[in-house]
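Undergrad: Coordinates in query05.cif, mmCIF, C-alpha atoms, are listed below.
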data_upload
#
loop_
_atom_site.group_PDB
_atom_site.id
_atom_site.type_symbol
_atom_site.label_atom_id
_atom_site.label_comp_id
_atom_site.auth_asym_id
_atom_site.auth_seq_id
_atom_site.Cartn_x
_atom_site.Cartn_y
_atom_site.Cartn_z
ATOM 1 C CA VAL J 1 115.908 119.089 91.818
ATOM 2 C CA ILE J 2 113.818 115.943 91.244
ATOM 3 C CA TYR J 3 113.183 113.640 94.225
ATOM 4 C CA ALA J 4 111.621 110.479 92.794
ATOM 5 C CA VAL J 5 112.096 107.332 94.851
ATOM 6 C CA SER J 6 110.016 104.252 94.031
ATOM 7 C CA PHE J 7 108.635 105.770 90.834
ATOM 8 C CA ASN J 8 107.271 103.535 88.097
ATOM 9 C CA HIS J 9 107.391 104.395 84.403
ATOM 10 C CA ARG J 10 104.971 101.573 83.465
ATOM 11 C CA ARG J 11 101.219 102.105 83.291
ATOM 12 C CA GLU J 12 99.251 100.101 85.851
ATOM 13 C CA GLU J 13 95.587 99.275 86.388
ATOM 14 C CA HIS J 14 94.885 102.461 88.324
ATOM 15 C CA LEU J 15 97.849 104.755 87.600
ATOM 16 C CA ASN J 16 99.533 106.218 84.559
ATOM 17 C CA GLY J 17 103.238 105.642 84.175
ATOM 18 C CA GLY J 18 105.598 108.156 85.731
ATOM 19 C CA ALA J 19 106.368 111.099 83.446
ATOM 20 C CA ILE J 20 109.895 111.766 84.655
ATOM 21 C CA GLU J 21 111.148 112.168 81.100
ATOM 22 C CA SER J 22 109.006 115.293 80.694
ATOM 23 C CA LEU J 23 111.268 117.065 83.205
ATOM 24 C CA SER J 24 114.290 117.607 80.993
ATOM 25 C CA ARG J 25 117.851 118.060 82.222
ATOM 26 C CA PRO J 26 117.347 118.439 85.995
ATOM 27 C CA SER J 27 120.285 119.730 88.032
ATOM 28 C CA ILE J 28 119.917 116.827 90.481
ATOM 29 C CA MET J 29 117.747 113.692 90.430
ATOM 30 C CA ILE J 30 117.441 111.578 93.571
ATOM 31 C CA THR J 31 116.029 108.070 93.144
ATOM 32 C CA ASP J 32 116.456 104.578 94.575
ATOM 33 C CA ALA J 33 117.955 101.404 93.138
ATOM 34 C CA HIS J 34 115.436 98.902 94.488
ATOM 35 C CA ASN J 35 114.716 97.451 91.048
ATOM 36 C CA ALA J 36 118.039 98.243 89.405
ATOM 37 C CA LEU J 37 119.044 94.578 89.124
ATOM 38 C CA THR J 38 115.558 93.270 88.307
ATOM 39 C CA TRP J 39 114.921 92.499 84.654
ATOM 40 C CA ARG J 40 111.281 92.063 83.714
ATOM 41 C CA THR J 41 111.068 89.663 80.797
ATOM 42 C CA LYS J 42 107.274 89.277 80.631
ATOM 43 C CA LEU J 43 104.665 91.763 79.527
ATOM 44 C CA PRO J 44 102.387 93.089 82.301
ATOM 45 C CA ARG J 45 99.324 91.470 80.728
ATOM 46 C CA LYS J 46 101.010 88.044 80.726
ATOM 47 C CA CYS J 47 102.080 88.479 84.362
ATOM 48 C CA SER J 48 98.505 89.360 85.335
ATOM 49 C CA SER J 49 97.165 86.352 83.443
ATOM 50 C CA GLU J 50 99.603 83.981 85.169
ATOM 51 C CA LEU J 51 98.798 85.520 88.548
ATOM 52 C CA ILE J 52 95.067 84.896 88.098
ATOM 53 C CA ASP J 53 95.622 81.411 86.665
ATOM 54 C CA SER J 54 97.724 80.511 89.712
ATOM 55 C CA ILE J 55 95.078 81.807 92.110
ATOM 56 C CA MET J 56 92.210 80.005 90.380
ATOM 57 C CA LYS J 57 94.138 76.733 90.241
ATOM 58 C CA SER J 58 94.744 76.829 93.979
ATOM 59 C CA LEU J 59 91.099 77.700 94.727
ATOM 60 C CA LYS J 60 89.802 74.874 92.550
ATOM 61 C CA ASN J 61 92.096 72.477 94.419
ATOM 62 C CA GLY J 62 90.405 73.510 97.665
ATOM 63 C CA GLY J 63 93.147 75.815 98.948
ATOM 64 C CA ASN J 64 93.180 79.321 100.349
ATOM 65 C CA VAL J 65 95.330 82.024 98.753
ATOM 66 C CA LEU J 66 97.158 84.674 100.784
ATOM 67 C CA LEU J 67 98.535 87.766 99.058
ATOM 68 C CA PRO J 68 100.631 89.782 101.523
ATOM 69 C CA CYS J 69 100.362 93.445 100.564
ATOM 70 C CA ASP J 70 100.680 97.004 101.759
ATOM 71 C CA THR J 71 97.667 98.912 103.046
ATOM 72 C CA SER J 72 97.179 101.540 100.357
ATOM 73 C CA GLY J 73 99.657 101.218 97.486
ATOM 74 C CA ARG J 74 99.987 98.171 95.231
ATOM 75 C CA VAL J 75 96.971 96.648 96.955
ATOM 76 C CA LEU J 76 94.717 98.945 94.875
ATOM 77 C CA GLU J 77 96.204 97.539 91.677
ATOM 78 C CA LEU J 78 95.595 93.972 92.871
ATOM 79 C CA LEU J 79 92.048 94.706 94.023
ATOM 80 C CA LEU J 80 91.069 96.204 90.681
ATOM 81 C CA LEU J 81 92.621 93.322 88.757
ATOM 82 C CA LEU J 82 90.968 90.606 90.843
ATOM 83 C CA ASP J 83 87.593 92.329 91.193
ATOM 84 C CA HIS J 84 87.458 92.768 87.411
ATOM 85 C CA HIS J 85 88.200 89.059 86.882
ATOM 86 C CA TRP J 86 85.596 88.037 89.493
ATOM 87 C CA ALA J 87 82.978 90.309 87.879
ATOM 88 C CA GLN J 88 83.801 89.271 84.322
ATOM 89 C CA ASN J 89 83.519 85.568 85.168
ATOM 90 C CA LYS J 90 80.706 85.952 87.738
ATOM 91 C CA ILE J 91 82.683 84.135 90.443
ATOM 92 C CA ASP J 92 80.619 83.959 93.625
ATOM 93 C CA SER J 93 81.861 80.694 95.103
ATOM 94 C CA TYR J 94 85.258 82.020 96.219
ATOM 95 C CA PRO J 95 85.250 85.094 98.504
ATOM 96 C CA LEU J 96 87.679 87.883 97.659
ATOM 97 C CA VAL J 97 88.736 89.574 100.911
ATOM 98 C CA LEU J 98 90.739 92.651 101.868
ATOM 99 C CA LEU J 99 91.964 92.166 105.436
ATOM 100 C CA ASN J 100 93.519 95.083 107.277
ATOM 101 C CA SER J 101 92.435 97.385 110.081
ATOM 102 C CA MET J 102 91.856 100.277 107.631
ATOM 103 C CA ALA J 103 90.220 98.275 104.828
ATOM 104 C CA PHE J 104 87.046 100.374 104.626
ATOM 105 C CA ASN J 105 89.008 103.643 104.756
ATOM 106 C CA THR J 106 91.329 102.462 101.986
ATOM 107 C CA GLY J 107 88.408 101.772 99.659
ATOM 108 C CA GLU J 108 86.598 105.003 100.472
ATOM 109 C CA PHE J 109 89.733 107.114 100.029
ATOM 110 C CA ALA J 110 90.467 105.509 96.654
ATOM 111 C CA LYS J 111 86.939 106.340 95.467
ATOM 112 C CA SER J 112 87.551 110.026 96.187
ATOM 113 C CA GLN J 113 90.879 110.277 94.349
ATOM 114 C CA LEU J 114 89.851 109.415 90.783
ATOM 115 C CA GLU J 115 91.282 112.656 89.390
ATOM 116 C CA TRP J 116 94.750 111.327 90.269
ATOM 117 C CA MET J 117 94.166 107.907 88.719
ATOM 118 C CA SER J 118 94.893 106.653 85.196
ATOM 119 C CA ASP J 119 93.277 108.048 82.068
ATOM 120 C CA SER J 120 91.223 104.871 81.590
ATOM 121 C CA ILE J 121 89.708 105.146 85.073
ATOM 122 C CA SER J 122 88.899 108.833 84.608
ATOM 123 C CA ARG J 123 87.335 108.099 81.217
ATOM 124 C CA GLN J 124 85.242 105.255 82.645
ATOM 125 C CA PHE J 125 83.885 107.552 85.348
ATOM 126 C CA ASP J 126 83.191 110.401 82.887
ATOM 127 C CA LEU J 127 81.355 108.210 80.370
ATOM 128 C CA GLN J 128 79.599 105.674 82.585
ATOM 129 C CA ARG J 129 79.451 107.495 85.919
ATOM 130 C CA SER J 130 80.694 104.312 87.566
ATOM 131 C CA ASN J 131 83.470 104.302 90.130
ATOM 132 C CA PRO J 132 85.946 101.446 89.525
ATOM 133 C CA PHE J 133 86.554 101.251 93.274
ATOM 134 C CA ASP J 134 82.937 100.298 93.952
ATOM 135 C CA MET J 135 84.230 96.746 94.031
ATOM 136 C CA LYS J 136 81.188 94.487 94.173
ATOM 137 C CA PHE J 137 83.119 91.275 94.760
ATOM 138 C CA VAL J 138 85.543 92.509 97.446
ATOM 139 C CA THR J 139 84.628 91.996 101.096
ATOM 140 C CA MET J 140 86.256 94.449 103.524
ATOM 141 C CA VAL J 141 87.320 92.703 106.739
ATOM 142 C CA HIS J 142 89.016 94.352 109.717
ATOM 143 C CA SER J 143 89.907 91.476 112.051
ATOM 144 C CA LEU J 144 90.732 87.776 112.095
ATOM 145 C CA GLU J 145 87.478 87.162 113.953
ATOM 146 C CA GLU J 146 85.499 88.603 111.038
ATOM 147 C CA LEU J 147 87.458 86.437 108.619
ATOM 148 C CA GLN J 148 86.896 83.300 110.692
ATOM 149 C CA ALA J 149 83.161 84.039 110.780
ATOM 150 C CA MET J 150 83.022 83.670 106.981
ATOM 151 C CA ASP J 151 82.458 80.349 105.219
ATOM 152 C CA ASP J 152 85.186 77.732 105.653
ATOM 153 C CA GLY J 153 85.612 77.260 101.895
ATOM 154 C CA PRO J 154 88.552 78.423 99.776
ATOM 155 C CA LYS J 155 89.077 82.172 99.637
ATOM 156 C CA VAL J 156 91.532 84.811 98.441
ATOM 157 C CA VAL J 157 92.774 87.167 101.151
ATOM 158 C CA LEU J 158 94.845 90.294 100.588
ATOM 159 C CA ALA J 159 96.287 90.991 104.032
ATOM 160 C CA SER J 160 98.786 93.395 105.522
ATOM 161 C CA ASP J 161 101.710 93.439 106.038
ATOM 162 C CA LEU J 162 103.811 92.959 102.928
ATOM 163 C CA SER J 163 106.860 91.846 104.931
ATOM 164 C CA LEU J 164 105.042 88.883 106.570
ATOM 165 C CA ASN J 165 106.913 89.819 109.762
ATOM 166 C CA TYR J 166 103.779 90.937 111.578
ATOM 167 C CA GLY J 167 100.096 91.714 111.198
ATOM 168 C CA PHE J 168 97.261 89.708 109.693
ATOM 169 C CA ALA J 169 99.473 88.365 106.905
ATOM 170 C CA LYS J 170 101.813 86.691 109.399
ATOM 171 C CA ALA J 171 98.881 85.220 111.326
ATOM 172 C CA LEU J 172 97.482 83.684 108.128
ATOM 173 C CA LEU J 173 100.949 82.509 107.080
ATOM 174 C CA LEU J 174 101.224 80.560 110.333
ATOM 175 C CA ALA J 175 97.693 79.197 109.947
ATOM 176 C CA TRP J 176 97.818 78.238 106.257
ATOM 177 C CA ALA J 177 101.402 77.578 105.196
ATOM 178 C CA SER J 178 101.596 74.051 106.609
ATOM 179 C CA ASP J 179 98.810 72.829 104.293
ATOM 180 C CA PRO J 180 100.185 72.181 100.768
ATOM 181 C CA VAL J 181 96.866 73.011 99.092
ATOM 182 C CA ASN J 182 97.124 76.617 100.284
ATOM 183 C CA MET J 183 99.199 79.230 98.468
ATOM 184 C CA ILE J 184 101.237 82.176 99.733
ATOM 185 C CA LEU J 185 101.579 84.397 96.668
ATOM 186 C CA LEU J 186 104.191 87.166 96.780
ATOM 187 C CA THR J 187 103.527 90.036 94.385
ATOM 188 C CA GLN J 188 106.381 92.282 95.567
ATOM 189 C CA ARG J 189 109.950 91.680 96.691
ATOM 190 C CA GLY J 190 109.708 93.745 99.852
ATOM 191 C CA HIS J 191 112.605 95.364 101.668
ATOM 192 C CA GLY J 192 115.299 94.325 104.115
ATOM 193 C CA LYS J 193 115.594 91.142 106.129
ATOM 194 C CA THR J 194 111.979 90.050 106.163
ATOM 195 C CA ILE J 195 110.167 86.729 105.948
ATOM 196 C CA ALA J 196 108.813 87.683 102.510
ATOM 197 C CA ARG J 197 112.307 88.461 101.209
ATOM 198 C CA GLU J 198 113.627 85.176 102.649
ATOM 199 C CA LEU J 199 110.836 83.224 100.969
ATOM 200 C CA LEU J 200 111.406 84.923 97.646
ATOM 201 C CA ALA J 201 115.162 84.446 97.790
ATOM 202 C CA GLY J 202 114.697 80.712 98.289
ATOM 203 C CA LEU J 203 112.173 80.445 95.474
ATOM 204 C CA THR J 204 114.354 82.438 93.098
ATOM 205 C CA ALA J 205 117.340 80.232 93.814
ATOM 206 C CA GLN J 206 115.415 77.006 93.264
ATOM 207 C CA ASN J 207 113.082 78.103 90.488
ATOM 208 C CA LYS J 208 115.198 79.928 87.925
ATOM 209 C CA SER J 209 112.434 79.943 85.330
ATOM 210 C CA ASN J 210 110.355 82.306 87.533
ATOM 211 C CA THR J 211 107.125 80.593 86.463
ATOM 212 C CA PHE J 212 104.107 80.289 88.713
ATOM 213 C CA ASN J 213 103.498 76.728 89.869
ATOM 214 C CA GLY J 214 101.862 76.534 93.255
ATOM 215 C CA ASN J 215 102.345 72.789 93.732
ATOM 216 C CA GLU J 216 106.102 72.901 93.154
ATOM 217 C CA MET J 217 106.691 76.074 95.122
ATOM 218 C CA ALA J 218 104.900 74.725 98.180
ATOM 219 C CA LYS J 219 107.420 71.864 98.467
ATOM 220 C CA ILE J 220 110.730 73.669 98.143
ATOM 221 C CA GLN J 221 110.701 76.083 101.063
ATOM 222 C CA ARG J 222 110.957 75.484 104.797
ATOM 223 C CA LEU J 223 111.179 78.341 107.279
ATOM 224 C CA LEU J 224 111.954 78.448 110.983
ATOM 225 C CA LEU J 225 109.855 81.235 112.494
ATOM 226 C CA LYS J 226 109.850 82.748 115.956
ATOM 227 C CA ILE J 227 106.299 83.066 117.239
ATOM 228 C CA PRO J 228 105.855 85.544 120.113
ATOM 229 C CA GLU J 229 103.234 84.574 122.653
ATOM 230 C CA ARG J 230 101.690 86.399 125.591
ATOM 231 C CA VAL J 231 101.670 84.417 128.850
ATOM 232 C CA PRO J 232 100.564 85.516 132.335
ATOM 233 C CA LEU J 233 103.266 86.353 134.880
ATOM 234 C CA VAL J 234 103.595 83.905 137.764
ATOM 235 C CA GLY J 235 105.808 83.362 140.788
ATOM 236 C CA GLU J 236 108.877 85.565 141.194
ATOM 237 C CA GLU J 237 108.275 87.408 137.899
ATOM 238 C CA LEU J 238 104.768 88.397 139.024
ATOM 239 C CA ALA J 239 106.067 89.563 142.424
ATOM 240 C CA LEU J 240 108.767 91.698 140.779
ATOM 241 C CA HIS J 241 106.213 93.187 138.397
ATOM 242 C CA LEU J 242 103.804 94.091 141.220
ATOM 243 C CA GLU J 243 106.670 95.577 143.226
ATOM 244 C CA GLU J 244 107.737 97.703 140.239
ATOM 245 C CA GLU J 245 104.154 98.854 139.685
ATOM 246 C CA ALA J 246 103.826 99.836 143.356
ATOM 247 C CA ARG J 247 107.145 101.725 143.198
ATOM 248 C CA ARG J 248 105.993 103.563 140.092
ATOM 249 C CA ARG J 249 102.710 104.568 141.722
ATOM 250 C CA ARG J 250 104.564 105.837 144.808
ATOM 251 C CA GLN J 251 106.879 107.865 142.583
ATOM 252 C CA VAL J 252 103.936 109.402 140.719
ATOM 253 C CA ALA J 253 102.244 110.290 144.047
ATOM 254 C CA GLU J 254 105.455 111.879 145.378
ATOM 255 C CA ASP J 255 105.909 113.910 142.204
ATOM 256 C CA GLU J 256 102.331 115.158 142.381
ATOM 257 C CA GLU J 257 102.752 116.086 146.049
ATOM 258 C CA GLN J 258 105.946 118.010 145.330
ATOM 259 C CA LYS J 259 104.209 119.823 142.467
ATOM 260 C CA ARG J 260 101.284 120.726 144.759
ATOM 261 C CA GLN J 261 103.597 122.061 147.458
ATOM 262 C CA ALA J 262 105.528 124.111 144.917
ATOM 263 C CA GLU J 263 102.280 125.636 143.609
ATOM 264 C CA GLU J 264 101.155 126.467 147.175
ATOM 265 C CA MET J 265 104.501 128.120 147.943
ATOM 266 C CA GLU J 266 104.283 130.113 144.721
ATOM 267 C CA LEU J 267 100.735 131.230 145.595
ATOM 268 C CA ASP J 268 101.793 132.220 149.148
ATOM 269 C CA GLN J 269 104.640 134.262 147.700
ATOM 270 C CA VAL J 270 102.224 136.061 145.371
ATOM 271 C CA LEU J 271 99.927 136.920 148.291
ATOM 272 C CA VAL J 272 102.876 138.265 150.324
ATOM 273 C CA ASP J 273 103.973 140.427 147.410
ATOM 274 C CA LEU J 274 100.409 141.826 147.122
ATOM 275 C CA ASP J 275 100.280 142.637 150.866
ATOM 276 C CA GLU J 276 103.564 144.496 150.619
#
When written as structure tokens, how does the structure in this file appear?

TA:
Amino acid sequence: VIYAVSFNHRREEHLNGGAIESLSRPSIMITDAHNALTWRTKLPRKCSSELIDSIMKSLKNGGNVLLPCDTSGRVLELLLLLDHHWAQNKIDSYPLVLLNSMAFNTGEFAKSQLEWMSDSISRQFDLQRSNPFDMKFVTMVHSLEELQAMDDGPKVVLASDLSLNYGFAKALLLAWASDPVNMILLTQRGHGKTIARELLAGLTAQNKSNTFNGNEMAKIQRLLLKIPERVPLVGEELALHLEEEARRRRQVAEDEEQKRQAEEMELDQVLVDLDE
């Protein structure tokens, strides 16, 4: 039995392609159909080139670039690709940022798992004793406050979550999307009824050529988003809340008292049995 959901037969920056074909004639194979109707017409190298060209164009126009991503999967591929481009071209004027609460842990864990990475990464470590995940141009950031403390200039931020429904990515979407010089760049389709899927569906419908053009894409999508906000309780709502809290505390005290009495009765019964 082969259970292989979300497997990829193509080689990536940090992983070899899946070797499912080496397991011949399984009795059962369980997989998903997430990409069954997706036809990739461009070579991976061309896609990577267009991705970087799009990012650099937006940065040079004075805009920020947000790449919504997961916390430990495809984000490693993107980090390696971008860090390599930054290093190769000695780009120090545009910060490259990984923003999620586990950013440091993600990088450290990746450094320790080279034996599971692609042949090219293993060979680089064996020959040069250099770890590809020692990313010199990537800044690990764990909160919006840390990000805001950085320079105000254009920057590239890889932020969680991929769906854009919550997390740092949604916060930056709300902060940046209204400015046409900024770019929200989706690198995955995501799952379910999410903001990212809604954005991509609109872009696919209106941009059949599937080419990257930040200026055009920024003009063809409008979204109505619900923004939750914490507000202090006042008036009748506050009174009801305080009453419920007091009731809960009374209930906890009563439960503890009943438990204490039960323990005392049990202890008294033990003492009686010993006397007898």

Undergrad: Could you pull the residues within 12 Å of Tyr94 (chain J), counting all atoms listed in the file, minus those fewer than 6 positions along the same chain, as a list in words?

TA: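 Result of the neighbour search: Ile55, Met56, Lys57, Ser58, Leu59, Lys60, Asn61, Gly62, Gly63, Asn64, Val65, Leu82, Asp83, Trp86, Ala87, Phe137, Val138, Thr139, Met150, Asp151, Asp152, Gly153, Pro154, Lys155, Val156 and Val157 of chain J.
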
Undergrad: Set the distance at 10 Å and use all atoms listed in the file: which residues neighbour region 27-29 of chain J once local chain neighbours fewer than 5 positions away are removed? I'd like the list as a list in words.

TA: Val1, Ile2, Tyr3, Ala4, Val5 and Ile20 of chain J

Undergrad: Take the PyMOL selection byres ((chain J and resi 158) around 7), apply it to the structure above, and return the hits as a ChimeraX atom specification.

TA: /J:66-69,97-99,156-157,159

Undergrad: What's the 9 Å shell around Leu51 (chain J), counting only C-alpha atoms, without same-chain residues fewer than 4 positions away, as a list in words?

TA: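 My reading of the contact set: Lys46, Cys47, Ile55, Met56, Leu185, Thr187 and Phe212 of chain J.
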
Undergrad: Could you tell me how far CA of Phe104 (chain J) sits from CA of Ile227 (chain J), in Å to one decimal place?

TA: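 Computing the Euclidean distance for CA of Ile227 (chain J) and CA of Phe104 (chain J) yields 28.8 Å.
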
Undergrad: Between CA of Thr71 (chain J) and CA of Lys170 (chain J), measure the distance and give it in Å to one decimal.

TA: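 We find that CA of Thr71 (chain J) and CA of Lys170 (chain J) lie 14.4 Å from each other.
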
Undergrad: Extract, using all atoms listed in the file, all DNA, RNA and protein residues at most 8 Å from His142 (chain J), discarding same-chain residues fewer than 3 positions from it, and format them as an NGL selection string.

TA: :J and (99-103 or 146)

Undergrad: Evaluate the PyMOL selection byres ((chain J and resi 131) around 10) against this structure - the residues, as a list in words, please.

TA: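 So the PyMOL selection byres ((chain J and resi 131) around 10) ends up selecting Ala110, Lys111, Ser112, Leu114, Ile121, Ser122, Gln124, Phe125, Asp126, Gln128, Arg129, Ser130, Pro132, Phe133, Asp134 and Met135 of chain J.
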
Undergrad: What is the CA of Arg189 (chain J) to CA of Arg222 (chain J) distance in Å?

TA: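 Result for CA of Arg189 (chain J) versus CA of Arg222 (chain J): 18.1 Å, one decimal.
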
Undergrad: Could you state which residues are captured by the PyMOL selection byres ((chain J and resi 162) around 7) in this file, as a VMD selection string?

TA: chain J and resid 68 to 70 160 to 161 163 to 164 190

Undergrad: Counting all atoms listed in the file, which residue out of J:Arg230, J:Asn165, J:Gly73, J:Leu172 sits closest to Gly192 (chain J)?

TA: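 For Gly192 (chain J), the nearest of the given residues is J:Asn165.
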
Undergrad: Select, from J:Ser49, J:Leu223, J:Glu145, J:Ser72, the residue with the minimum atom-to-atom distance to Ser178 (chain J), counting all atoms listed in the file.

TA: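 Once distances to Ser178 (chain J) are computed over all atoms listed in the file, the minimum belongs to J:Leu223.
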
Undergrad: I'd like to know which of J:Arg25, J:Arg74, J:Arg45, J:Arg10 is closest to Gln188 (chain J), using only C-alpha atoms.

TA: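 Ranking J:Arg25, J:Arg74, J:Arg45, J:Arg10 by distance to Gln188 (chain J), first place goes to J:Arg74.
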
Undergrad: Using only C-alpha atoms, can you tell me which of J:Val181, J:Leu186, J:Leu80, J:Ala149 comes closest to Leu200 (chain J)?

TA: J:Leu186

Undergrad: Between J:Arg249, J:Arg123, J:His191, J:Lys136, which residue has the minimum interatomic distance to Gln88 (chain J), considering all atoms listed in the file?

TA: J:Lys136

Undergrad: Given all atoms listed in the file as the basis, pick out the residue of J:Asn182, J:Gln261, J:Ser48, J:Thr194 nearest to His84 (chain J).

TA: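 That would be J:Ser48, the residue with the smallest distance to His84 (chain J).
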